[in-house]
Amino acid sequence: MLIRLNRYISMCGVSSRRKAEELIKAGRVKVNGKIVKDFGVKVDPEVDIVELDGIEIKLPKKRYIVLNKPVGYLTQLGKSPDGKRTIEELLRDIPERVFPVGRLDYNTEGLLILTNDGELANRIMHPRYKLPKVYLALVKGRIKPALLREMEKGINLEDGFAKPDSVKVIRYENKNTLLEIVFHEGRKHLVKRFFFSFGYPVLKLKRTAIGPIKLNKLSPGKWRNLSKRELFLLFRAVGLKYNP
Ligand code: URA
């Protein structure tokens with residue numbers, strides 16, 4: 001893959017793209033040993049050697065992580081203005097700057113994929129690839145099987161029609177119902193708004209899977225690297241080839 005030199009420098013984490021243009025113009029950047037002053041030049045990260053002030057710069061290692069976001073954390077990096085805890089606190093031991101793929105609400109628990117691979121992240125979120133997102137929802141009240149059939153037909157929400165891929169009762173807990181619901185899109189508060197529109201507020205929500213990636217026994221607040229097998233399956237699910 002060929003990348004413009006200024007973009008390559010910013011992707012290496014050295015500077016912004018604008019600042020990279022200045023570095024190039026100032027003659028501080030060499031490609032394969034020669035000073036290049038044109039930031040439109042393209043480089044192949046697999047082949048070309050790029051140096052800044054005589055020191056080779058490289059793309060950061062691709063990192064793919066799954067985090068079990070606990071309730072009470074915002075899905076964002078950096079500090080929150082109102083002092084709420086953010087997932088950044090849980091990722092301190094990861095040297096690469098990884099970004100969350102999609103969001104979970106402050107009071108939602110569960111699976112978040114984080115990566116610095118922008119192409120994979122875009123595809124996971126794009127509805128075209130129809131990656132199923134699986135949630136366990138505890139809703140207030142007992143939902144009867146006949147209503148489940150209605151729910152499967154979908155309902156109009158204020159931002160458009162919402163139709164789950166499936167919805168089923170796992171068990172009844174006193175006066176409440178624990179359900180598994182699967183959507184292949186990711187709109188804001190989608191699961192909560194969906195159940196609420198049928199008259200059932202969500203009391204607790206947890207995401208347990210995205211496509212082939214499952215949370216399994218990962219405790220809240222903990223993260224792990226995706227395995228080669230999981231990456232192979234995830235890349236394949238979004239039409240990409242995994243080259244470890
Ligand atoms: N749907 C919601 O309502 N909340 C989430 O965090 C994710 C899906």
# chains A, B, ... in the order shown; residues from 1 in each chain; ligands from 1
$ residues_around --residues "Phe232 of chain A" --least-positions-apart "3" --cutoff "10 Å" --atoms "only C-alpha atoms" --output "NGL selection string"
:A and (212 or 226-229 or 235-237 or 240-244)
$ residues_near_ligand --ligand "ligand 1" --cutoff "8 Å" --atoms "only C-alpha atoms and all ligand atoms" --output "list in words"
Arg103, Leu104, Asp105, Tyr106, Asn107, Thr108, Glu109, Tyr135, Gly186, Arg187, Lys188, His189, Leu190, Val191, Lys192, Arg193, Phe194, Leu205, Lys206 and Arg207 of chain A
$ atom_distance --atom1 "atom CA of Ile143 of chain A" --atom2 "atom CA of Lys204 of chain A"
15.3 Å
$ residues_around --residues "Ser219 of chain A" --least-positions-apart "6" --cutoff "9 Å" --atoms "only C-alpha atoms" --output "list in words"
Leu67, Asn68, Lys69 and Pro70 of chain A
$ atom_distance --atom1 "atom CA of Val169 of chain A" --atom2 "atom CA of Glu152 of chain A"
12.3 Å
$ closest_residue --among "A:Ile55, A:Leu218, A:Val43, A:Leu203" --to "Leu112 of chain A" --atoms "only C-alpha atoms"
A:Leu218
$ residues_around --residues "Arg7 of chain A" --least-positions-apart "4" --cutoff "12 Å" --atoms "only C-alpha atoms" --output "list in words"
Leu2, Ile3, Met11, Cys12, Gly13, Val14, Ser15, Ser16, Arg17, Arg18, Lys19, Ala20, Glu21, Ile24, Phe39, Gly40, Val41, Lys42, Val43, Asp44, Pro45 and Leu59 of chain A
$ write_last_selection --atoms "C-alpha atoms" --output "short mmCIF file (atom, residue, chain, number, x, y, z; two decimals), in the first residue's frame"
data_model
loop_
_atom_site.label_atom_id
_atom_site.label_comp_id
_atom_site.auth_asym_id
_atom_site.auth_seq_id
_atom_site.Cartn_x
_atom_site.Cartn_y
_atom_site.Cartn_z
CA LEU A 2 1.39 3.41 -1.00
CA ILE A 3 0.94 6.29 1.44
CA MET A 11 0.62 7.70 11.04
CA CYS A 12 3.98 6.96 12.69
CA GLY A 13 2.81 9.18 15.56
CA VAL A 14 5.59 11.74 15.02
CA SER A 15 3.46 14.79 14.26
CA SER A 16 0.22 15.98 12.68
CA ARG A 17 -0.03 15.84 8.90
CA ARG A 18 0.40 19.65 8.68
CA LYS A 19 3.49 19.63 10.89
CA ALA A 20 4.86 16.76 8.78
CA GLU A 21 4.67 18.98 5.69
CA ILE A 24 9.55 17.70 4.88
CA PHE A 39 5.30 15.87 0.69
CA GLY A 40 3.20 14.41 -2.15
CA VAL A 41 5.78 11.65 -2.65
CA LYS A 42 4.33 8.23 -1.83
CA VAL A 43 6.08 5.59 0.24
CA ASP A 44 5.55 1.87 0.65
CA PRO A 45 5.89 1.09 4.39
CA LEU A 59 4.38 2.60 11.65
#
$ residues_around --residues "Pro95 of chain A" --least-positions-apart "4" --cutoff "10 Å" --atoms "only C-alpha atoms" --output "PyMOL selection string"
chain A and resi 60-61+63+91
$ residues_around --residues "Ile113 of chain A" --least-positions-apart "4" --cutoff "8 Å" --atoms "only C-alpha atoms" --output "list in words"
Tyr64, Ile65, Val66, Leu67, Pro100 and Val101 of chain A
$ write_last_selection --atoms "C-alpha atoms" --output "PDB file, in the first residue's frame"
ATOM      1  CA  TYR A  64      -6.222  -5.537  18.530  1.00  0.00           C
ATOM      2  CA  ILE A  65      -7.732  -5.675  21.980  1.00  0.00           C
ATOM      3  CA  VAL A  66     -10.981  -6.673  23.581  1.00  0.00           C
ATOM      4  CA  LEU A  67     -12.006  -4.912  26.798  1.00  0.00           C
ATOM      5  CA  PRO A 100     -12.664   2.047  20.688  1.00  0.00           C
ATOM      6  CA  VAL A 101     -14.675   0.641  17.788  1.00  0.00           C
TER       7      VAL A 101
END
$ residues_around --residues "Glu185 of chain A" --least-positions-apart "6" --cutoff "9 Å" --atoms "only C-alpha atoms" --output "list in words"
Met125, His126, Pro127, Lys130, Leu131, Pro132, Lys133, Ala162 and Pro164 of chain A
$ write_last_selection --atoms "N, CA, C and O atoms" --output "PDB file, in the first residue's frame"
ATOM      1  N   MET A 125     -17.840  -1.266  12.018  1.00  0.00           N
ATOM      2  CA  MET A 125     -18.978  -0.385  12.319  1.00  0.00           C
ATOM      3  C   MET A 125     -19.917  -0.229  11.131  1.00  0.00           C
ATOM      4  O   MET A 125     -21.047   0.201  11.297  1.00  0.00           O
ATOM      5  N   HIS A 126     -19.440  -0.549   9.934  1.00  0.00           N
ATOM      6  CA  HIS A 126     -20.251  -0.288   8.741  1.00  0.00           C
ATOM      7  C   HIS A 126     -21.377  -1.316   8.614  1.00  0.00           C
ATOM      8  O   HIS A 126     -21.122  -2.519   8.612  1.00  0.00           O
ATOM      9  N   PRO A 127     -22.643  -0.834   8.484  1.00  0.00           N
ATOM     10  CA  PRO A 127     -23.763  -1.799   8.410  1.00  0.00           C
ATOM     11  C   PRO A 127     -23.659  -2.761   7.226  1.00  0.00           C
ATOM     12  O   PRO A 127     -24.226  -3.843   7.249  1.00  0.00           O
ATOM     13  N   LYS A 130     -22.770  -6.198   8.143  1.00  0.00           N
ATOM     14  CA  LYS A 130     -23.780  -6.888   8.947  1.00  0.00           C
ATOM     15  C   LYS A 130     -23.202  -7.715  10.097  1.00  0.00           C
ATOM     16  O   LYS A 130     -23.620  -8.846  10.339  1.00  0.00           O
ATOM     17  N   LEU A 131     -22.188  -7.177  10.774  1.00  0.00           N
ATOM     18  CA  LEU A 131     -21.614  -7.923  11.903  1.00  0.00           C
ATOM     19  C   LEU A 131     -22.614  -7.945  13.051  1.00  0.00           C
ATOM     20  O   LEU A 131     -23.009  -6.880  13.553  1.00  0.00           O
ATOM     21  N   PRO A 132     -23.050  -9.095  13.497  1.00  0.00           N
ATOM     22  CA  PRO A 132     -24.025  -9.130  14.588  1.00  0.00           C
ATOM     23  C   PRO A 132     -23.422  -8.690  15.918  1.00  0.00           C
ATOM     24  O   PRO A 132     -22.307  -9.072  16.259  1.00  0.00           O
ATOM     25  N   LYS A 133     -24.156  -7.832  16.614  1.00  0.00           N
ATOM     26  CA  LYS A 133     -23.749  -7.418  17.962  1.00  0.00           C
ATOM     27  C   LYS A 133     -24.758  -8.032  18.916  1.00  0.00           C
ATOM     28  O   LYS A 133     -25.955  -7.802  18.778  1.00  0.00           O
ATOM     29  N   ALA A 162     -36.099   0.015  13.316  1.00  0.00           N
ATOM     30  CA  ALA A 162     -35.107  -0.836  13.995  1.00  0.00           C
ATOM     31  C   ALA A 162     -35.645  -2.261  14.053  1.00  0.00           C
ATOM     32  O   ALA A 162     -36.714  -2.498  14.612  1.00  0.00           O
ATOM     33  N   PRO A 164     -34.382  -6.143  15.012  1.00  0.00           N
ATOM     34  CA  PRO A 164     -33.284  -7.017  15.478  1.00  0.00           C
ATOM     35  C   PRO A 164     -33.163  -8.254  14.587  1.00  0.00           C
ATOM     36  O   PRO A 164     -34.143  -8.664  13.963  1.00  0.00           O
TER      37      PRO A 164
END
$ closest_residue --among "A:Ile9, A:Ile213, A:Val238, A:Val47" --to "Ile124 of chain A" --atoms "only C-alpha atoms"
A:Val238
$ atom_distance --atom1 "atom CA of Gly221 of chain A" --atom2 "atom CA of Asp93 of chain A"
12.8 Å
